[in-house]
Structures are given as C-alpha cells and as structure tokens.
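Working notes for the structure below.
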Amino acid sequence: MHNLTLAQQLQALAAGEFSSVELTQHYINRIESHQDSLNAFVTFTPERALEQAQEADQRGTDKPLLNGVPLALKDIFCTQGVKTSCASKMLDNFIAPYDATVVAKLQQAGAVSLGKTNMDEFAMGSSSESSYYGDVKNPWDLSRVPGGSSGGSAAAVAARLASASMGTDTGGSIRQPAAFCGITGLKPTYGRVSRYGMIAYASSLDQAGPFGLSALDCAYLLQAIAGYDAKDSTSVDQPVEEYTTNINKDIRGLRIGLPEEFFQEGLDADIRAKIDLACDQLRELGCVIKPISLPNAKLAIAAYYVIAPAECSSNLSRFDGVRFGYRCEDPVDLADLYSRSRSEAFGAEVKRRIMVGTYALSAGYYDAYYLRAQKIRRLISEDYQKAFAEVDVVLSPTTPTTAFKTNEKVDDPITMYLSDIYTIGVNLAGLPGISIPVGFSQKLPVGMQMVSTYFAEDTLLRIAHQFQQHTDWHLQTPAKFE
C-alpha cells in the first residue's frame, strides 16, 4: 500500500481494495518501525488518526476529495488539541487551541492526520539540524540531511511513512527538501494558500504547500487547501483552478526558459547533466526551450538574509515568557523574565537571525540594509516578469548539490545559506515553484525546479505531470524503506 501514490490510494479506497483504517494502521506500523532511525516526527498521533480513518470509512457515497488518506503536517501548523512546537524549546509545552486554515481544510477534505513532522526551529534552516528534538535523517542516506526547513515532512513522504505531507516555504523550504529526498514539492503563489494558524517566520515570504510522490498528488492537495481566507490579510481572492483536471492538458508549445545565471560556477556537473537530460525529455514532449537572463539573481541571498531576519525579529518578539510557551524559573523582574526566557528557549540559529534582523531594522541602519534589500527584491521580481513576457516557465536545478552530510555545514551558516541560491528569488517575488526528481547523482536524488507567473500553478503541475508520465524517478523508493 505504501508504494502507491496518493492518487492511486484514493482510487483503491474508492474501489474498496482496502479501508482507510487498514491504510492508516499500515502507516502507523511503518512510523513505529522507522521513527528512531529517521526522527521525522515530533508528535505522533496514532489514536487520533485511527478515529479519523474510521470516520472516513463510514462516510457515504458522496466522499470528500481526500477521504481516508493519511497525511503528515509540519509542526508549524496549529492543530487543535495537539502540541505545535515549531521544533523549539520555546513552544515545547504549547497545545494549540485552534486549527490553522490549512489543517481545517484538509479535515474538511477527509484527510487523516498521522501527526506533526520535525523541522528546523521556527523554520530557520536548510538542513533540519536546528530542531530542539534532534536532526532529521535523509531516507536515501541516513548520514545526510533531508534539507530544510520542512525536512521531516519530506523525509516522511520519501520513506513512505505518510501518503503525502504539508510543509512551508520561506526561501526554498519545500522545494529544497523535495529535491534532497527525491519527491515532488510545490510552493504556491504567495496568497494562494491561507497563512492563518501557520506560525510565522517571515510574513511576506512564508507560504504553505504540499509534498507528494507525484505532481498529481500535489494537485489533489493544492485543490483542497487553496482559496481565499478572510482570516488571513495576505490571502488573495482569486478563483481556484481545477488542478486535478487541468493537469492532463497538453503542454506542446509551452515555452521554457533556462536562466544563464543558474548554470554557472557552483553547480555540480552531474546535476547539470541530469537537468540537460530532463530538458531533452521536455523537448520530446513538445516544449520549446530557450535561454533567458535573470541579471539580479545573484543578489537574492543577500537581500533575503536581510528581509527574512528583519521580519523574524519582529514576529518572534511575541515569545517573551508571559502569555504562552517557555518561561524561565524564578525571574527577578520583567526584564529578567524576557531575557532569560528567550535566551534559554531559542536555539543558536534563531538567535542569530533575530540579532541580524534587529540590527538591520535599527536606527541608522534601516536605509542602508532593509530598505536597500527591499529595492533589490523589486528588481528580482521585475526580472522574473520580464522573463515571463518571453516564456511560460523558468527552469533550473533546485539545488547546486545533492544532500550534504549531517554536521557538514552546521558551523558555517554562510555556506549553508548558499544551498538555497536557486530558490530564494522565487519567494522574494512571491511566485509559484515546483521541484520534481529528475535522476540520481552518486545514489542521491537530483531535483529540478520550475517557476511560473502568479497563480499559474496549473501550468507547473501540467508540465511536471507530463514529465512524470514518461519517467519514473518520482516512484523510486529508498532501499531501507521499500
């Protein structure tokens, strides 16, 4: 059962080949067998999952879209009655009193929740090594990272511990782990999916999105979670496409641009070769591929690591030991309560970004750093819009290398940040992007990123789906988890 895609499982459930309870119990058994080696989950909720599965099996003929399929949720989505920690000591004791809109929509669609997945603390990281609950492992090689910050969600799907999962993407945190773990990951347009109840890192960049084995799996999930939400001031009132239907439309004649800046020094030669082969396959499917330029792409990381920490320093100021979360013992006064609660509960990477952000926003430095970064952000967005006047999709590697070793970059944050070099500009511009597997390099998955203009997720899903109809990279299973 676990080697079926979510779409195939939905068909099997509808045909009565197995029940949701049987499928859910199968995943529960797999999680219990593999959690110790992967550390993909923070909170495991088997009893709750089986109750939801029983409800799914008892529904009549008019079943909702995702009825009975077991999913995993990144531990950043508030889930009523379940610990929501953001993988931080700060929220280790926080039981969410309400459901995030994404969680509520998945429940309305009939999905079963297996629990909350591990991640980089407060979504700050590219390797899932900054979690309070320990490192997440890559199912393809347990000595390597699964990417981040949504590493637990990606690892759970790659290891077949869940039918699919939900993550969030601030600078590549869905697409990069999808590439490292050999699965499909979709970052929707900013505002396409509600951020209500999703604990904020950088409010102008964060976006929720799905992980699945295939593009069709992601289409089902996006169909369920997309749409306007009055509870989220950044939500866009835009009609939701019929993603699961449109995914079968022809892609012949679609124009795909290859940005020259993403195929230069720093890109692993074997990854370049796999992207070239994938482009050949797309040509065979009728796509037109041409070179383009994103001249300000090289500035994306510098701009991002001013803007994102600035927003995080503001968002994380609410964690002060007063209203919820961790509180230090026996504070002397209010200042002591604030300083010790935060210093004791936040990890090193979170503290680093808070300090950088606070500095960038401070008097005398705002214009020099934050305002300049916002101007660069506009230039990057304009580069993409100029590109979309010529092409329908921008294609590139998702990452410059395959998954790196655990602890290899943990003491060198600048090198770690460079692993998101191809993904960050997409968030700065608010665009949708998808990563799909296109092969292996030294037995590790290689991911290819495609980006389209605002609210054109159906175009990305169509191309990815047609590619996956002619390849089987997305169906490969790590040997230890077959």
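The chains in the structure tokens are called A, B, ... from first to last as shown; in each chain the residues are counted from 1, and the ligands are counted from 1 in the order shown.
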Restrict the calculation to only C-alpha atoms, then for each residue of segment 37-109 of chain A with any atom at most 10 Å from an atom of segment 158-170 of chain A give the closest atom pair and their distance in Å to one decimal, rows by chain and rising residue number, as a tab-separated table.
```
residue	atom	partner	partner_atom	distance
A:Leu38	CA	A:Ala159	CA	8.8
A:Ala40	CA	A:Leu161	CA	9.0
A:Phe41	CA	A:Leu161	CA	9.9
A:Val69	CA	A:Ser163	CA	6.5
A:Pro70	CA	A:Ser163	CA	5.7
A:Leu71	CA	A:Ala164	CA	5.2
A:Ala72	CA	A:Ser165	CA	4.5
A:Leu73	CA	A:Met166	CA	5.0
A:Lys74	CA	A:Gly167	CA	5.3
A:Asp75	CA	A:Gly167	CA	8.7
A:Ile76	CA	A:Thr168	CA	8.1
A:Phe77	CA	A:Gly167	CA	8.9
A:Val102	CA	A:Met166	CA	8.8
A:Val103	CA	A:Met166	CA	9.3
A:Leu106	CA	A:Met166	CA	9.9
```
Next on the checklist: At a cut-off of 8 Å, using only C-alpha atoms, what residues contact Cys312 of chain A? Leave out same-chain residues fewer than 6 positions from it and give the result as a ChimeraX atom specification.
Outcome noted: /A:200-202,353-354,357
So that I have them on file, write out the residues from the current selection with N, CA and C atoms, as a PDB file, in the first residue's frame.
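Contents of again-v4.pdb, freshly written:
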```pdb
ATOM      1  N   ALA A 200       4.393  32.185  12.152  1.00  0.00           N
ATOM      2  CA  ALA A 200       5.140  32.992  11.190  1.00  0.00           C
ATOM      3  C   ALA A 200       6.630  33.004  11.469  1.00  0.00           C
ATOM      4  N   TYR A 201       7.392  32.927  10.391  1.00  0.00           N
ATOM      5  CA  TYR A 201       8.831  33.215  10.398  1.00  0.00           C
ATOM      6  C   TYR A 201       9.020  34.573   9.745  1.00  0.00           C
ATOM      7  N   ALA A 202       8.776  34.670   8.446  1.00  0.00           N
ATOM      8  CA  ALA A 202       8.877  35.938   7.714  1.00  0.00           C
ATOM      9  C   ALA A 202       7.571  36.116   6.942  1.00  0.00           C
ATOM     10  N   ARG A 353      19.492  34.902  13.705  1.00  0.00           N
ATOM     11  CA  ARG A 353      18.637  35.648  12.776  1.00  0.00           C
ATOM     12  C   ARG A 353      17.901  36.792  13.464  1.00  0.00           C
ATOM     13  N   ILE A 354      17.519  36.598  14.721  1.00  0.00           N
ATOM     14  CA  ILE A 354      16.905  37.695  15.459  1.00  0.00           C
ATOM     15  C   ILE A 354      17.885  38.859  15.579  1.00  0.00           C
ATOM     16  N   GLY A 357      18.373  40.565  12.187  1.00  0.00           N
ATOM     17  CA  GLY A 357      17.185  41.331  11.822  1.00  0.00           C
ATOM     18  C   GLY A 357      17.006  42.582  12.645  1.00  0.00           C
TER      19      GLY A 357
END
```
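Residues surrounding segment 358-361 of chain A within 7 Å are Val306, Ala310, Ser313, Ile354, Met355, Tyr365, Tyr366, Tyr369 and Tyr370 of chain A [only C-alpha atoms; sequence separation below 3 positions excluded].
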Next on the checklist: So that I can check the secondary structure, give me every residue of segment 183-393 of chain A assigned helix (DSSP H, G or I) by backbone DSSP, as an MDAnalysis selection string.
Outcome noted: chainID A and resid 215:225 243:246 260:262 269:284 297:318 334:345 348:361 366:388
Please dump the current selection as an mmCIF file, in the first residue's frame; keep C-alpha atoms.
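So the final result, stored in result_28.cif, reads:
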```cif
data_model
loop_
_atom_site.group_PDB
_atom_site.id
_atom_site.type_symbol
_atom_site.label_atom_id
_atom_site.label_comp_id
_atom_site.auth_asym_id
_atom_site.auth_seq_id
_atom_site.Cartn_x
_atom_site.Cartn_y
_atom_site.Cartn_z
ATOM 1 C CA ALA A 215 2.669 16.162 -9.333
ATOM 2 C CA LEU A 216 -0.831 14.671 -9.372
ATOM 3 C CA ASP A 217 -0.601 14.105 -5.609
ATOM 4 C CA CYS A 218 0.326 17.769 -5.162
ATOM 5 C CA ALA A 219 -2.580 18.786 -7.405
ATOM 6 C CA TYR A 220 -5.024 16.951 -5.125
ATOM 7 C CA LEU A 221 -3.566 18.605 -2.047
ATOM 8 C CA LEU A 222 -3.492 22.088 -3.572
ATOM 9 C CA GLN A 223 -7.101 21.621 -4.694
ATOM 10 C CA ALA A 224 -8.022 21.022 -1.058
ATOM 11 C CA ILE A 225 -6.077 23.852 0.611
ATOM 12 C CA TYR A 243 -5.842 21.482 -10.743
ATOM 13 C CA THR A 244 -6.635 17.763 -10.842
ATOM 14 C CA THR A 245 -8.471 18.190 -14.165
ATOM 15 C CA ASN A 246 -6.188 20.723 -15.859
ATOM 16 C CA GLU A 260 22.085 31.537 -17.690
ATOM 17 C CA GLU A 261 22.885 32.756 -14.158
ATOM 18 C CA PHE A 262 21.745 29.399 -12.693
ATOM 19 C CA ALA A 269 28.431 18.968 -13.099
ATOM 20 C CA ASP A 270 26.395 15.797 -12.609
ATOM 21 C CA ILE A 271 23.322 17.800 -11.610
ATOM 22 C CA ARG A 272 23.779 19.931 -14.733
ATOM 23 C CA ALA A 273 23.868 16.757 -16.817
ATOM 24 C CA LYS A 274 20.620 15.475 -15.256
ATOM 25 C CA ILE A 275 18.894 18.801 -15.946
ATOM 26 C CA ASP A 276 20.079 18.661 -19.569
ATOM 27 C CA LEU A 277 18.562 15.182 -19.952
ATOM 28 C CA ALA A 278 15.296 16.378 -18.411
ATOM 29 C CA CYS A 279 15.227 19.268 -20.886
ATOM 30 C CA ASP A 280 15.669 16.782 -23.731
ATOM 31 C CA GLN A 281 12.623 14.887 -22.437
ATOM 32 C CA LEU A 282 10.582 18.100 -22.315
ATOM 33 C CA ARG A 283 11.578 18.887 -25.893
ATOM 34 C CA GLU A 284 10.314 15.465 -26.910
ATOM 35 C CA ALA A 297 19.531 36.688 -9.285
ATOM 36 C CA LYS A 298 22.987 36.874 -7.679
ATOM 37 C CA LEU A 299 21.647 39.423 -5.186
ATOM 38 C CA ALA A 300 18.796 37.235 -3.925
ATOM 39 C CA ILE A 301 20.597 35.619 -0.984
ATOM 40 C CA ALA A 302 21.958 38.935 0.313
ATOM 41 C CA ALA A 303 18.508 40.549 0.108
ATOM 42 C CA TYR A 304 16.751 37.562 1.642
ATOM 43 C CA TYR A 305 19.073 37.366 4.633
ATOM 44 C CA VAL A 306 18.247 40.958 5.496
ATOM 45 C CA ILE A 307 14.483 40.844 4.869
ATOM 46 C CA ALA A 308 13.716 37.456 6.429
ATOM 47 C CA PRO A 309 15.661 38.041 9.685
ATOM 48 C CA ALA A 310 14.141 41.521 9.968
ATOM 49 C CA GLU A 311 10.657 40.037 9.806
ATOM 50 C CA CYS A 312 11.578 37.194 12.142
ATOM 51 C CA SER A 313 12.938 39.610 14.760
ATOM 52 C CA SER A 314 9.523 41.262 14.766
ATOM 53 C CA ASN A 315 7.431 38.070 14.634
ATOM 54 C CA LEU A 316 9.357 36.300 17.377
ATOM 55 C CA SER A 317 9.125 39.221 19.799
ATOM 56 C CA ARG A 318 5.794 37.748 20.972
ATOM 57 C CA LEU A 334 10.195 41.657 33.968
ATOM 58 C CA ALA A 335 13.450 42.333 32.104
ATOM 59 C CA ASP A 336 14.957 39.167 33.562
ATOM 60 C CA LEU A 337 11.842 37.221 32.557
ATOM 61 C CA TYR A 338 12.119 38.425 28.963
ATOM 62 C CA SER A 339 15.859 37.964 28.538
ATOM 63 C CA ARG A 340 16.250 34.593 30.254
ATOM 64 C CA SER A 341 13.116 33.047 28.745
ATOM 65 C CA ARG A 342 14.271 33.936 25.251
ATOM 66 C CA SER A 343 17.956 33.114 25.734
ATOM 67 C CA GLU A 344 17.172 29.737 27.332
ATOM 68 C CA ALA A 345 14.479 28.661 24.852
ATOM 69 C CA ALA A 348 21.581 29.289 18.064
ATOM 70 C CA GLU A 349 20.253 29.786 14.525
ATOM 71 C CA VAL A 350 17.088 31.541 15.732
ATOM 72 C CA LYS A 351 19.164 33.857 17.950
ATOM 73 C CA ARG A 352 21.495 34.595 15.036
ATOM 74 C CA ARG A 353 18.637 35.648 12.776
ATOM 75 C CA ILE A 354 16.905 37.695 15.459
ATOM 76 C CA MET A 355 20.131 39.612 16.054
ATOM 77 C CA VAL A 356 20.765 40.181 12.346
ATOM 78 C CA GLY A 357 17.185 41.331 11.822
ATOM 79 C CA THR A 358 17.130 43.640 14.799
ATOM 80 C CA TYR A 359 20.395 45.202 13.652
ATOM 81 C CA ALA A 360 19.073 45.726 10.104
ATOM 82 C CA LEU A 361 15.966 47.481 11.439
ATOM 83 C CA TYR A 366 17.379 50.715 8.218
ATOM 84 C CA ASP A 367 18.105 52.635 4.994
ATOM 85 C CA ALA A 368 21.475 51.002 4.458
ATOM 86 C CA TYR A 369 20.229 47.432 4.814
ATOM 87 C CA TYR A 370 16.485 46.812 4.998
ATOM 88 C CA LEU A 371 15.354 49.494 2.558
ATOM 89 C CA ARG A 372 18.097 48.571 0.082
ATOM 90 C CA ALA A 373 17.154 44.883 0.342
ATOM 91 C CA GLN A 374 13.536 45.737 -0.441
ATOM 92 C CA LYS A 375 14.659 47.633 -3.548
ATOM 93 C CA ILE A 376 16.659 44.597 -4.670
ATOM 94 C CA ARG A 377 13.574 42.482 -4.057
ATOM 95 C CA ARG A 378 11.659 44.645 -6.508
ATOM 96 C CA LEU A 379 14.415 44.268 -9.115
ATOM 97 C CA ILE A 380 14.353 40.483 -8.753
ATOM 98 C CA SER A 381 10.578 40.466 -9.182
ATOM 99 C CA GLU A 382 10.876 42.646 -12.282
ATOM 100 C CA ASP A 383 13.480 40.259 -13.743
ATOM 101 C CA TYR A 384 11.011 37.386 -13.468
ATOM 102 C CA GLN A 385 8.198 39.410 -15.009
ATOM 103 C CA LYS A 386 10.407 40.320 -17.956
ATOM 104 C CA ALA A 387 11.250 36.647 -18.346
ATOM 105 C CA PHE A 388 7.574 35.678 -18.320
#
```
Ile292 of chain A environment, 6 Å, only C-alpha atoms, sequence neighbours closer than 5 positions dropped, as a JSON list (two decimals) with N, CA and C atoms, in the first residue's frame:
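The resulting file, part.json, is reproduced below:
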```json
[["chain", "number", "residue", "atom", "x", "y", "z"],
["A", 257, "GLY", "N", 12.20, 28.70, -20.17],
["A", 257, "GLY", "CA", 13.43, 29.48, -20.17],
["A", 257, "GLY", "C", 14.46, 28.93, -19.20],
["A", 258, "LEU", "N", 15.71, 28.89, -19.66],
["A", 258, "LEU", "CA", 16.83, 28.48, -18.81],
["A", 258, "LEU", "C", 17.67, 29.70, -18.46],
["A", 259, "PRO", "N", 17.62, 30.17, -17.22],
["A", 259, "PRO", "CA", 18.39, 31.36, -16.84],
["A", 259, "PRO", "C", 19.89, 31.07, -16.81]]
```
